[in-house]
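Engineer: Handing you this structure, nothing more for now.
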Amino acid sequence: MARITRDEVAHVAGLARLRLTDDELERFTEQLGTVLDHAADVASLDLAGVPRTAHAMAVTNVLRPDEPRPSLDREEVLRSAPAVEANRFRVPRILGDAP
Amino acid sequence: MTDVGRVVPEDAGGAWEMVVGLEVHTELRTATKLFCGCANLFGDEPNTHVCPVCLGLPGSLPVLNQRAVELAMAIGTALHCEIRPSTFHRKNYFYPDMPKDYQISQYDEPINVSGWLQLPGGRRIGIERAHLEEDTGKTAHAGSSGRIQGAEYSLVDYNRSGVPLVEIVSAPDMRSSTEARAYATELRAILIACGASDGKMEEGSMRVDANVSVRPGPGAPFGTRCEIKNLNSLRSLGRAVDYEAQRQIALLESGDAVVQQTRHWDEGEGRTVALRSKEEAYDYRYFLEPDLVPVVPDPAWITAVGAALGPLPAERRARLVALLAGAVPAVGEGFPDPDVGVDAEGSPGVSDAEREQILTVVDLGLDGLVVAAVAGGVPARLALARTANEAATDAGAAASLDPGAYTTLLGMEVAGTLSATQVKAILSDLLAHGGGDPVELARARGFEAMADAALVTVVREAVDAHPAEWVRYRDGEEKLAQFFVGQVMKATRGQANGKGVVAELERLARE
Amino acid sequence: MTAAAIAAAVRSGERRAATVTEASLAAIAAGEGEIHAFALVLADGARRRAEEIDAQVAAGQDPGPLAGVPVALKDNLCTRGVPTTCCSRILEGWLPPYDATVVKRLAAAGAVVVGKSNMDEFAMGSSTETSAFGPTRNPRDTSRVPGGSSGGSAAAVAAGFTPVALGSDTGGSIRQPAALCGVVGMKPTYGTVSRYGLVAFASSLDQVGPLATTVADAALLFDVIGGRDERDTTSLDRPAPRLASVVGQGVEGMTIGVLAEYLEGADPAVAGRIAQAAEVLAAAGARVEEVSVPEVRLGLSAYYLIAPAEASSTLARYDGVRYGLRVDAEDTAAMNVATRSAGFGAEVKRRIMLGTYALSAGYVDAYYGQALRVRTRIIDGFAAAYERCDALLGPTAPTTAFALGAKLDDPLSMYLSDVCTIPTNLAGHPAISVPFGTGADGLPVGAQVLAPALAEATMFKVAAVLEAGAPAVGAGS
Ligand SMILES: [Mg+2]
Ligand SMILES: [Zn+2]
């Protein structure tokens with residue numbers, strides 16, 4: 001697989017909502033490249049037909065009865081918020097609808 | 001419901017065919033949220049139904065609500081879906097109304113796949129999937145417009161965050177805005193019948209997005225589609241779909257291409273506006289939610305959920321058709337073949353007007369009143385007409401009417417104790433007061449209609465006083481019935497019930 | 001004094017919890033300046049709690065199996081009303097409105113929390129150097145790292161600040177610092193300890209576990225924190241463990257496999273100690289043989305795709321909207337960017353980037369999907385070994401503690417220090433690190449015992465035999 005490029009690193013930073021300085025961009029491109037080179041042994045294996053394991057323990061149907069539980073005290077919730085107005089979390093203007 | 005197949009605004013030349021698929025999100029009527037025990041309630045003080053889970057606090061973990069899963073399975077059953085082992089994924093994107101900045105949703109293994117919904121006209125629309133996911137919080141925008149554009153800042157309330165949703169994705173099987181509306185209407189009735197949703201589009205508990213494309217004609221490859229959002233009513237849905245199809249046809253006819261886009265319906269302007277194109281489509285980086293395990297419904301569980309389902313709209317329409325045809329069901333008895341559509345071919349003996357009445361009554365959930373009235377001896381056509389034409393004017397109040405009182409009221413009309421006009425007046429009293437005793441209400445309004453025995457005597461006196469007219473009437477001159485009604489009214493100073501008089505004349509004529 | 005001995009003395013009224021707590025706080029006051037094991041010392045809270053325990057004893061009540069035992073909590077375990085930062089600037093100012101399940105269970109067992117221990121930021125690291133509060137130093141040699149990410153917990157126990165501590169282990173974060181600091185550290189079977197209130201790094205791998213000076217204390221702590229929790233879907237529906245009593249039952253008749261792949265990259269002195277450990281087990285009546293599980297060689301690569309992928313999603317919530325740091329900006333998206341760029345350290349950013357990339361369109365199948373297939377292969381490889389063996393033996397880390405700063409700018413070499421611990425997390429199995437002598441530099445070596453899922457009893461028995469037969473770990477340089 002081709003080595004990760006500076007542009008790809010910049011694109012990924014955008015997806016992750018991180019701003020990288022030119023210096024960081026340089027360093028991360030190099031470091032991610034090294035780690036991904038190491039991962040090439042995984043990426044290049046022929047594992048067709050091998051199922052994926054996302055959960056180590058095979059458990060199914062863990063459900064909760066539809067019974068209300070007490071919610072949190074609002075003061076306690078809002079106490080840790082960076083900005084509050086009218087008991088809501090205040091954020092700067094939002095550009096555009098959710099994707 | 002007869003415009004199936006032939007499409008688009010006819011003034012567009014008629015050559016183009018519209019292709020529509022709908023994505024419907026419905027909030028589920030559970031007591032608690034999808035992954036936590038917070039109450040699933042609307043309109044309360046902001047941020048009062050929140051906990052570490054639905055606020056996405058560090059360290060919190062989701063635990064799946066069994067009732068939500070069962071309502072999803074009920075929807076799947078009602079839509080003839082295959083109910084499958086399913087998993088949850090994370091759909092990653094940043095937005096302030098979403099506390100974890102990912103939505104837990106079913107992705108490539110949804111609980112319901114491959115079903116269908118039959119429109120009342122008989123046509124089947126494919127259902128690709130109906131999956132579970134969580135709702136977001138709500139943002140309010142500060143500023144004069146109250147809208148996101150131009151707002152100085154926004155405020156977020158997470159009471160709705162984590163409310164269970166089922167997203168129902170249709171196949172691109174609809175061919176007109178009328179069909180799209182019929183689909184949404186029928187789906188809403190099904191969701192209500194399942195107990196899954198209150199189906200309120202205006203309040204956002206049922207949200208519809210439309211995928212619209214056009215093609216040169218049936219059989220041609222699908223055109224490039226656009227997704228239309230912000231459809232807050234059935235009317236908006238119909239208008240937006242028509243507008244969008246016209247827009248695309250105009251583009252194509254002027255030699256331009258349709259660009260795959262998400263578009264926003266502007267109700268005030270009556271047009272759709274581009275939100276973003278496919279190139280800007282978000283990379284959601286779906287992956288299996290490690291904090292949840294698969295849901296694997298076994299056959300016994302699926303059967304139990306299906307058995308708990310009440311009769312669905314199609315079955316209820318079939319029951320009304322059968323009642324019109326003279327079948328008298330025992331209480332609770334179903335009718336076979338609910339998937340026969342209520343159309344001219346499928347239900348002989350039902351007029352166009354009656355078909356519309358049946359659709360209305362079932363759509364509004366008032367068919368129980370009709371069934372109860374028929375079981376109480378009221379002729380089916382009268383029960384249907386009164387329910388569709390009068391009770392339906394205030395469907396909300398009618399839905400909570402006592403079927404016993406309703407049957408009594410219509411029975412008084414049948415017996416001739418009250419005139420049609422009087423029955424309508426009392427029905428409006430019942431609806432306005434949220435119930436009551438029809439007999440009491442009739443008395444309160446001074447509808448002291450003549451008792452049956454007294455009426456029989458007065459009619460007999462009128463017949464005896466006009467033997468020539470009686471003979472002509474008895475020999476078939478029906479218009480003379482009005483002569484006798486007039487005589488009786490004169491004798492009773494208008495207290496008699498005209499229908500009762502005619503009924504008594506007919507009885508005497510048969511003697 | 002061990003936790004078991006303290007609890008016995010406090011329960012019998014022989015010693016006051018207040019006395020024990022003061023001794024712990026005094027040790028911290030004396031050594032913390034040099035070691036920096038804590039993000040936050042909770043002296044007042046600990047004293048109040050000790051008074052309550054003493055009052056319970058005085059009233060004839062039993063405060064529980066950890067009565068009066070001082071405990072250090074890794075700072076990624078939520079404590080209601082007490083700062084929980086994961087040693088990240090981005091969680092500055094956050095006061096959790098709830099307690100982690102393990103914190104509740106410790107409280108119900110009579111433990112006394114004396115502080116929140118230092119850690120690599122969001123548990124991402126193997127040296128406790130990525131903490132926003134500065135590094136922890138290894139009590140055995142303060143020029144060395146304590147390992148990580150639960151380096152603060154390991155150092156607190158090694159320095160004698162507390163007899164036991166809780167850590168979390170996603171890729172070796174309990175066992176590797178335990179090995180480097182010369183204490184016992186155990187990663188339970190995935191699902192046996194609740195994760196509710198453990199601030200997630202990678203949910204499918206994270207597990208809370210004990211650090212202690214003895215195997216018996218580790219088992220005691222595991223018994224207290226283990227068992228099903230309805231708030232954690234992945235917690236297994238099993239009765240709470242009762243393993244404190246199995247320690248000491250011996251290994252007679254067991255077959256122990258020495259895992260060849262774990263010795264491949266190990267420092268010769270470390271490998272020598274493992275050979276010596278195998279002899280101890282053989283002498284105790286176990287059949288010892290060499291075993292190969294070649295699939296574990298793929299563990300590191302798979303781990304550094306899976307864990308960052310999950311983390312990139314899990315850490316999205318640190319966006320400046322609801323809690324913690326906010327760096328204001330014109331609009332919400334810009335505020336998210338400013339907050340995250342200022343709030344996360346370099347290692348966290350690196351892993352978020354790596355994970356975002358591994359999940360992004362075009363790469364998800366080649367990287368993340370392939371790593372999940374490797375995970376299956378590793379589980380199958382272990383299963384084959386466990387057809388013949390009751391447990392496996394290997395080093396916990398390939399080397400002893402390395403110097404502060406030695407690997408900080410070389411992510412891959414840092415990641416390689418977890419090469420022997422990671423496969424266990426991918427498989428969901430339990431494993432424990434037991435101090436077993438020292439390396440050529442006089443620093444502790446950890447012997448690692450691996451066992452199949454839910455075979456903690458076997459694991460503790462083997463670990464106890466190693467503990468009894470281990471050469472002494474020097475008191476320090
Ligand atoms: Mg959706
Ligand atoms: Zn909640």
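Every chain in the structure tokens takes a letter, A first, then B, and so on in the order presented; its residues are numbered from 1, and the ligands are numbered from 1 following the presented order.
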Please check the contacts: residues of chain B at most 8 Å away from chain C, using only C-alpha atoms, listed as a PyMOL selection string.
Structural biologist: chain B and resi 52+56+58-63+90+92+94+96+99-102+283-287+290-293
Engineer: Taking only C-alpha atoms into account, which residues of chain B are within 8 Å of chain A, as a VMD selection string?
Structural biologist: chain B and resid 30 to 32 37 to 39 46 to 52 63 to 68 93 95 to 96 148 to 149 151 to 157 281 to 283 288 290 293 to 297
Engineer: List the neighbours of Thr262 (chain B) out to 12 Å using only C-alpha atoms; skip same-chain residues closer than 5 positions along the sequence, and give me the result as a PDB file with all heavy atoms, in the first residue's frame.
Structural biologist:
```
ATOM      1  N   ASP A  97     -26.638  22.383   8.573  1.00  0.00           N
ATOM      2  CA  ASP A  97     -27.362  21.287   9.205  1.00  0.00           C
ATOM      3  C   ASP A  97     -26.442  20.103   9.453  1.00  0.00           C
ATOM      4  O   ASP A  97     -25.337  20.033   8.917  1.00  0.00           O
ATOM      5  CB  ASP A  97     -28.510  20.831   8.285  1.00  0.00           C
ATOM      6  CG  ASP A  97     -29.587  21.891   8.159  1.00  0.00           C
ATOM      7  OD1 ASP A  97     -30.306  22.107   9.145  1.00  0.00           O
ATOM      8  OD2 ASP A  97     -29.690  22.506   7.077  1.00  0.00           O
ATOM      9  N   ALA A  98     -26.939  19.163  10.242  1.00  0.00           N
ATOM     10  CA  ALA A  98     -26.184  17.926  10.455  1.00  0.00           C
ATOM     11  C   ALA A  98     -26.062  17.194   9.116  1.00  0.00           C
ATOM     12  O   ALA A  98     -26.973  17.274   8.287  1.00  0.00           O
ATOM     13  CB  ALA A  98     -26.894  17.052  11.474  1.00  0.00           C
ATOM     14  N   PRO A  99     -24.945  16.487   8.894  1.00  0.00           N
ATOM     15  CA  PRO A  99     -24.801  15.778   7.623  1.00  0.00           C
ATOM     16  C   PRO A  99     -25.783  14.606   7.509  1.00  0.00           C
ATOM     17  O   PRO A  99     -26.302  14.159   8.504  1.00  0.00           O
ATOM     18  CB  PRO A  99     -23.367  15.285   7.636  1.00  0.00           C
ATOM     19  CG  PRO A  99     -22.976  15.221   9.055  1.00  0.00           C
ATOM     20  CD  PRO A  99     -23.769  16.289   9.772  1.00  0.00           C
TER      21      PRO A  99
ATOM     22  N   ASP B 209     -38.015  11.851   4.717  1.00  0.00           N
ATOM     23  CA  ASP B 209     -37.109  12.368   3.693  1.00  0.00           C
ATOM     24  C   ASP B 209     -37.448  11.630   2.398  1.00  0.00           C
ATOM     25  O   ASP B 209     -37.775  10.441   2.431  1.00  0.00           O
ATOM     26  CB  ASP B 209     -35.643  12.080   4.038  1.00  0.00           C
ATOM     27  CG  ASP B 209     -35.224  12.728   5.355  1.00  0.00           C
ATOM     28  OD1 ASP B 209     -35.827  13.747   5.728  1.00  0.00           O
ATOM     29  OD2 ASP B 209     -34.318  12.185   6.006  1.00  0.00           O
ATOM     30  N   ALA B 210     -37.362  12.344   1.277  1.00  0.00           N
ATOM     31  CA  ALA B 210     -37.727  11.724  -0.004  1.00  0.00           C
ATOM     32  C   ALA B 210     -36.528  11.692  -0.937  1.00  0.00           C
ATOM     33  O   ALA B 210     -35.815  12.681  -1.083  1.00  0.00           O
ATOM     34  CB  ALA B 210     -38.866  12.512  -0.648  1.00  0.00           C
ATOM     35  N   ASN B 211     -36.301  10.543  -1.565  1.00  0.00           N
ATOM     36  CA  ASN B 211     -35.316  10.435  -2.637  1.00  0.00           C
ATOM     37  C   ASN B 211     -36.064  10.484  -3.957  1.00  0.00           C
ATOM     38  O   ASN B 211     -36.931   9.648  -4.207  1.00  0.00           O
ATOM     39  CB  ASN B 211     -34.546   9.118  -2.526  1.00  0.00           C
ATOM     40  CG  ASN B 211     -33.511   9.174  -1.413  1.00  0.00           C
ATOM     41  OD1 ASN B 211     -32.642  10.035  -1.422  1.00  0.00           O
ATOM     42  ND2 ASN B 211     -33.630   8.283  -0.453  1.00  0.00           N
ATOM     43  N   VAL B 212     -35.731  11.467  -4.764  1.00  0.00           N
ATOM     44  CA  VAL B 212     -36.482  11.694  -6.001  1.00  0.00           C
ATOM     45  C   VAL B 212     -35.529  11.659  -7.196  1.00  0.00           C
ATOM     46  O   VAL B 212     -34.458  12.260  -7.158  1.00  0.00           O
ATOM     47  CB  VAL B 212     -37.190  13.068  -5.967  1.00  0.00           C
ATOM     48  CG1 VAL B 212     -37.971  13.311  -7.258  1.00  0.00           C
ATOM     49  CG2 VAL B 212     -38.114  13.160  -4.756  1.00  0.00           C
ATOM     50  N   THR B 224     -30.176  10.137 -11.765  1.00  0.00           N
ATOM     51  CA  THR B 224     -29.473  10.590 -10.556  1.00  0.00           C
ATOM     52  C   THR B 224     -30.506  11.139  -9.578  1.00  0.00           C
ATOM     53  O   THR B 224     -31.398  11.882  -9.959  1.00  0.00           O
ATOM     54  CB  THR B 224     -28.480  11.705 -10.933  1.00  0.00           C
ATOM     55  OG1 THR B 224     -27.594  11.186 -11.911  1.00  0.00           O
ATOM     56  CG2 THR B 224     -27.698  12.158  -9.719  1.00  0.00           C
ATOM     57  N   ARG B 225     -30.336  10.759  -8.300  1.00  0.00           N
ATOM     58  CA  ARG B 225     -31.384  11.152  -7.362  1.00  0.00           C
ATOM     59  C   ARG B 225     -30.923  12.261  -6.429  1.00  0.00           C
ATOM     60  O   ARG B 225     -29.735  12.453  -6.200  1.00  0.00           O
ATOM     61  CB  ARG B 225     -31.835   9.963  -6.535  1.00  0.00           C
ATOM     62  CG  ARG B 225     -30.801   9.461  -5.563  1.00  0.00           C
ATOM     63  CD  ARG B 225     -31.296   8.155  -4.948  1.00  0.00           C
ATOM     64  NE  ARG B 225     -30.194   7.358  -4.436  1.00  0.00           N
ATOM     65  CZ  ARG B 225     -29.730   7.460  -3.200  1.00  0.00           C
ATOM     66  NH1 ARG B 225     -30.254   8.331  -2.364  1.00  0.00           N
ATOM     67  NH2 ARG B 225     -28.730   6.712  -2.796  1.00  0.00           N
ATOM     68  N   CYS B 226     -31.909  12.977  -5.897  1.00  0.00           N
ATOM     69  CA  CYS B 226     -31.656  13.966  -4.863  1.00  0.00           C
ATOM     70  C   CYS B 226     -32.481  13.598  -3.647  1.00  0.00           C
ATOM     71  O   CYS B 226     -33.588  13.089  -3.765  1.00  0.00           O
ATOM     72  CB  CYS B 226     -32.038  15.365  -5.333  1.00  0.00           C
ATOM     73  SG  CYS B 226     -30.879  15.984  -6.567  1.00  0.00           S
ATOM     74  N   GLU B 227     -31.902  13.863  -2.474  1.00  0.00           N
ATOM     75  CA  GLU B 227     -32.617  13.576  -1.234  1.00  0.00           C
ATOM     76  C   GLU B 227     -33.201  14.879  -0.708  1.00  0.00           C
ATOM     77  O   GLU B 227     -32.487  15.872  -0.569  1.00  0.00           O
ATOM     78  CB  GLU B 227     -31.657  12.957  -0.201  1.00  0.00           C
ATOM     79  CG  GLU B 227     -32.361  12.587   1.099  1.00  0.00           C
ATOM     80  CD  GLU B 227     -31.431  11.944   2.121  1.00  0.00           C
ATOM     81  OE1 GLU B 227     -30.209  11.945   1.915  1.00  0.00           O
ATOM     82  OE2 GLU B 227     -31.967  11.433   3.125  1.00  0.00           O
ATOM     83  N   ILE B 228     -34.512  14.851  -0.432  1.00  0.00           N
ATOM     84  CA  ILE B 228     -35.176  16.070   0.031  1.00  0.00           C
ATOM     85  C   ILE B 228     -35.466  15.948   1.523  1.00  0.00           C
ATOM     86  O   ILE B 228     -36.115  14.999   1.959  1.00  0.00           O
ATOM     87  CB  ILE B 228     -36.517  16.307  -0.712  1.00  0.00           C
ATOM     88  CG1 ILE B 228     -36.377  16.010  -2.207  1.00  0.00           C
ATOM     89  CG2 ILE B 228     -37.023  17.725  -0.463  1.00  0.00           C
ATOM     90  CD1 ILE B 228     -35.423  16.877  -2.931  1.00  0.00           C
ATOM     91  N   LYS B 229     -34.986  16.941   2.270  1.00  0.00           N
ATOM     92  CA  LYS B 229     -35.215  16.941   3.712  1.00  0.00           C
ATOM     93  C   LYS B 229     -36.169  18.065   4.100  1.00  0.00           C
ATOM     94  O   LYS B 229     -36.510  18.912   3.281  1.00  0.00           O
ATOM     95  CB  LYS B 229     -33.881  17.127   4.451  1.00  0.00           C
ATOM     96  CG  LYS B 229     -32.967  15.895   4.341  1.00  0.00           C
ATOM     97  CD  LYS B 229     -31.765  16.039   5.250  1.00  0.00           C
ATOM     98  CE  LYS B 229     -30.885  14.806   5.218  1.00  0.00           C
ATOM     99  NZ  LYS B 229     -31.481  13.649   5.905  1.00  0.00           N
ATOM    100  N   ASN B 230     -36.576  18.047   5.376  1.00  0.00           N
ATOM    101  CA  ASN B 230     -37.461  19.074   5.948  1.00  0.00           C
ATOM    102  C   ASN B 230     -38.886  19.006   5.400  1.00  0.00           C
ATOM    103  O   ASN B 230     -39.472  20.008   5.039  1.00  0.00           O
ATOM    104  CB  ASN B 230     -36.878  20.485   5.738  1.00  0.00           C
ATOM    105  CG  ASN B 230     -37.614  21.523   6.567  1.00  0.00           C
ATOM    106  OD1 ASN B 230     -37.939  21.258   7.729  1.00  0.00           O
ATOM    107  ND2 ASN B 230     -37.914  22.669   5.988  1.00  0.00           N
ATOM    108  N   GLU B 244     -39.544  18.901  -7.092  1.00  0.00           N
ATOM    109  CA  GLU B 244     -38.210  18.362  -7.365  1.00  0.00           C
ATOM    110  C   GLU B 244     -38.179  17.606  -8.697  1.00  0.00           C
ATOM    111  O   GLU B 244     -37.223  17.727  -9.472  1.00  0.00           O
ATOM    112  CB  GLU B 244     -37.760  17.460  -6.206  1.00  0.00           C
ATOM    113  CG  GLU B 244     -36.409  16.801  -6.385  1.00  0.00           C
ATOM    114  CD  GLU B 244     -35.244  17.789  -6.531  1.00  0.00           C
ATOM    115  OE1 GLU B 244     -35.421  18.973  -6.163  1.00  0.00           O
ATOM    116  OE2 GLU B 244     -34.186  17.376  -7.040  1.00  0.00           O
ATOM    117  N   THR B 272     -37.066  23.495  -3.510  1.00  0.00           N
ATOM    118  CA  THR B 272     -35.988  22.800  -2.818  1.00  0.00           C
ATOM    119  C   THR B 272     -34.687  23.552  -3.072  1.00  0.00           C
ATOM    120  O   THR B 272     -34.503  24.125  -4.141  1.00  0.00           O
ATOM    121  CB  THR B 272     -35.828  21.347  -3.311  1.00  0.00           C
ATOM    122  OG1 THR B 272     -35.465  21.357  -4.692  1.00  0.00           O
ATOM    123  CG2 THR B 272     -37.114  20.555  -3.127  1.00  0.00           C
ATOM    124  N   VAL B 273     -33.810  23.553  -2.051  1.00  0.00           N
ATOM    125  CA  VAL B 273     -32.557  24.280  -2.134  1.00  0.00           C
ATOM    126  C   VAL B 273     -31.419  23.316  -1.810  1.00  0.00           C
ATOM    127  O   VAL B 273     -31.531  22.515  -0.886  1.00  0.00           O
ATOM    128  CB  VAL B 273     -32.527  25.430  -1.102  1.00  0.00           C
ATOM    129  CG1 VAL B 273     -31.395  26.392  -1.409  1.00  0.00           C
ATOM    130  CG2 VAL B 273     -33.865  26.138  -1.040  1.00  0.00           C
ATOM    131  N   ALA B 274     -30.321  23.409  -2.559  1.00  0.00           N
ATOM    132  CA  ALA B 274     -29.198  22.485  -2.343  1.00  0.00           C
ATOM    133  C   ALA B 274     -28.566  22.702  -0.974  1.00  0.00           C
ATOM    134  O   ALA B 274     -28.330  23.828  -0.549  1.00  0.00           O
ATOM    135  CB  ALA B 274     -28.156  22.683  -3.432  1.00  0.00           C
ATOM    136  N   LEU B 275     -28.320  21.594  -0.239  1.00  0.00           N
ATOM    137  CA  LEU B 275     -27.601  21.657   1.034  1.00  0.00           C
ATOM    138  C   LEU B 275     -26.150  21.286   0.813  1.00  0.00           C
ATOM    139  O   LEU B 275     -25.244  21.938   1.268  1.00  0.00           O
ATOM    140  CB  LEU B 275     -28.208  20.673   2.043  1.00  0.00           C
ATOM    141  CG  LEU B 275     -29.405  21.139   2.845  1.00  0.00           C
ATOM    142  CD1 LEU B 275     -29.832  20.046   3.793  1.00  0.00           C
ATOM    143  CD2 LEU B 275     -29.065  22.401   3.625  1.00  0.00           C
ATOM    144  N   ARG B 276     -25.915  20.164   0.164  1.00  0.00           N
ATOM    145  CA  ARG B 276     -24.542  19.749  -0.126  1.00  0.00           C
ATOM    146  C   ARG B 276     -24.585  18.683  -1.219  1.00  0.00           C
ATOM    147  O   ARG B 276     -25.573  17.975  -1.386  1.00  0.00           O
ATOM    148  CB  ARG B 276     -23.860  19.199   1.120  1.00  0.00           C
ATOM    149  CG  ARG B 276     -24.581  18.008   1.697  1.00  0.00           C
ATOM    150  CD  ARG B 276     -23.948  17.496   2.956  1.00  0.00           C
ATOM    151  NE  ARG B 276     -24.870  16.533   3.562  1.00  0.00           N
ATOM    152  CZ  ARG B 276     -25.799  16.849   4.429  1.00  0.00           C
ATOM    153  NH1 ARG B 276     -25.955  18.088   4.822  1.00  0.00           N
ATOM    154  NH2 ARG B 276     -26.625  15.942   4.900  1.00  0.00           N
ATOM    155  N   SER B 277     -23.487  18.587  -1.915  1.00  0.00           N
ATOM    156  CA  SER B 277     -23.436  17.614  -3.000  1.00  0.00           C
ATOM    157  C   SER B 277     -22.771  16.338  -2.523  1.00  0.00           C
ATOM    158  O   SER B 277     -22.232  16.275  -1.427  1.00  0.00           O
ATOM    159  CB  SER B 277     -22.659  18.189  -4.178  1.00  0.00           C
ATOM    160  OG  SER B 277     -21.306  18.316  -3.793  1.00  0.00           O
ATOM    161  N   LYS B 278     -22.812  15.333  -3.364  1.00  0.00           N
ATOM    162  CA  LYS B 278     -22.286  14.047  -2.965  1.00  0.00           C
ATOM    163  C   LYS B 278     -20.783  14.092  -2.728  1.00  0.00           C
ATOM    164  O   LYS B 278     -20.256  13.391  -1.882  1.00  0.00           O
ATOM    165  CB  LYS B 278     -22.608  12.977  -4.008  1.00  0.00           C
ATOM    166  CG  LYS B 278     -22.326  11.596  -3.432  1.00  0.00           C
ATOM    167  CD  LYS B 278     -22.652  10.464  -4.356  1.00  0.00           C
ATOM    168  CE  LYS B 278     -22.289   9.146  -3.706  1.00  0.00           C
ATOM    169  NZ  LYS B 278     -21.475   8.320  -4.594  1.00  0.00           N
ATOM    170  N   GLU B 279     -20.091  14.958  -3.478  1.00  0.00           N
ATOM    171  CA  GLU B 279     -18.641  15.041  -3.285  1.00  0.00           C
ATOM    172  C   GLU B 279     -18.325  15.467  -1.846  1.00  0.00           C
ATOM    173  O   GLU B 279     -17.292  15.137  -1.296  1.00  0.00           O
ATOM    174  CB  GLU B 279     -18.004  16.041  -4.261  1.00  0.00           C
ATOM    175  CG  GLU B 279     -18.047  15.592  -5.719  1.00  0.00           C
ATOM    176  CD  GLU B 279     -19.416  15.787  -6.347  1.00  0.00           C
ATOM    177  OE1 GLU B 279     -19.791  16.938  -6.608  1.00  0.00           O
ATOM    178  OE2 GLU B 279     -20.133  14.790  -6.555  1.00  0.00           O
ATOM    179  N   GLU B 280     -19.245  16.253  -1.267  1.00  0.00           N
ATOM    180  CA  GLU B 280     -19.031  16.675   0.105  1.00  0.00           C
ATOM    181  C   GLU B 280     -19.609  15.660   1.083  1.00  0.00           C
ATOM    182  O   GLU B 280     -19.631  15.897   2.275  1.00  0.00           O
ATOM    183  CB  GLU B 280     -19.715  18.028   0.362  1.00  0.00           C
ATOM    184  CG  GLU B 280     -19.258  19.153  -0.548  1.00  0.00           C
ATOM    185  CD  GLU B 280     -20.241  20.322  -0.530  1.00  0.00           C
ATOM    186  OE1 GLU B 280     -20.761  20.639   0.550  1.00  0.00           O
ATOM    187  OE2 GLU B 280     -20.506  20.878  -1.595  1.00  0.00           O
ATOM    188  N   ALA B 281     -20.100  14.567   0.576  1.00  0.00           N
ATOM    189  CA  ALA B 281     -20.742  13.569   1.436  1.00  0.00           C
ATOM    190  C   ALA B 281     -19.795  13.191   2.555  1.00  0.00           C
ATOM    191  O   ALA B 281     -18.599  13.065   2.370  1.00  0.00           O
ATOM    192  CB  ALA B 281     -21.108  12.336   0.634  1.00  0.00           C
ATOM    193  N   TYR B 282     -20.358  13.049   3.718  1.00  0.00           N
ATOM    194  CA  TYR B 282     -19.551  12.836   4.896  1.00  0.00           C
ATOM    195  C   TYR B 282     -19.016  11.416   4.930  1.00  0.00           C
ATOM    196  O   TYR B 282     -19.677  10.478   4.513  1.00  0.00           O
ATOM    197  CB  TYR B 282     -20.380  13.148   6.138  1.00  0.00           C
ATOM    198  CG  TYR B 282     -19.510  13.612   7.257  1.00  0.00           C
ATOM    199  CD1 TYR B 282     -19.087  14.943   7.313  1.00  0.00           C
ATOM    200  CD2 TYR B 282     -19.063  12.735   8.231  1.00  0.00           C
ATOM    201  CE1 TYR B 282     -18.248  15.373   8.317  1.00  0.00           C
ATOM    202  CE2 TYR B 282     -18.227  13.165   9.245  1.00  0.00           C
ATOM    203  CZ  TYR B 282     -17.821  14.495   9.278  1.00  0.00           C
ATOM    204  OH  TYR B 282     -16.998  14.899  10.277  1.00  0.00           O
TER     205      TYR B 282
END
```
Engineer: As a VMD selection string, please: all residues of region 186-218 of chain C that backbone DSSP puts in helix (DSSP H, G or I).
Structural biologist: chain C and resid 215 to 218
Engineer: Please produce a file of those selected residues containing C-alpha atoms, as a short mmCIF file (atom, residue, chain, number, x, y, z; two decimals), in the first residue's frame.
Structural biologist:
```cif
data_model
loop_
_atom_site.label_atom_id
_atom_site.label_comp_id
_atom_site.auth_asym_id
_atom_site.auth_seq_id
_atom_site.Cartn_x
_atom_site.Cartn_y
_atom_site.Cartn_z
CA VAL C 215 -0.85 -12.41 44.14
CA ALA C 216 -3.26 -12.99 47.01
CA ASP C 217 -4.02 -9.28 47.27
CA ALA C 218 -4.60 -9.09 43.52
#
```
Engineer: Compute the set of protein, DNA and RNA residues whose minimum atom distance to ligand 1 is at most 10 Å, using only C-alpha atoms and all ligand atoms, and state it as number ranges by chain.
Structural biologist: B: 23-26, 91, 103-107, 130-135, 165-169
Engineer: Identify, with DSSP run on backbone atoms, the residues in region 120-360 of chain C assigned to strand (DSSP E), and express the list as a count of residues only.
Structural biologist: 24
Engineer: One decimal, in Å: what's the spacing between CA of Gly405 (chain C) and CA of Met119 (chain C)?
Structural biologist: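 CA of Gly405 (chain C) sits 15.5 Å away from CA of Met119 (chain C).
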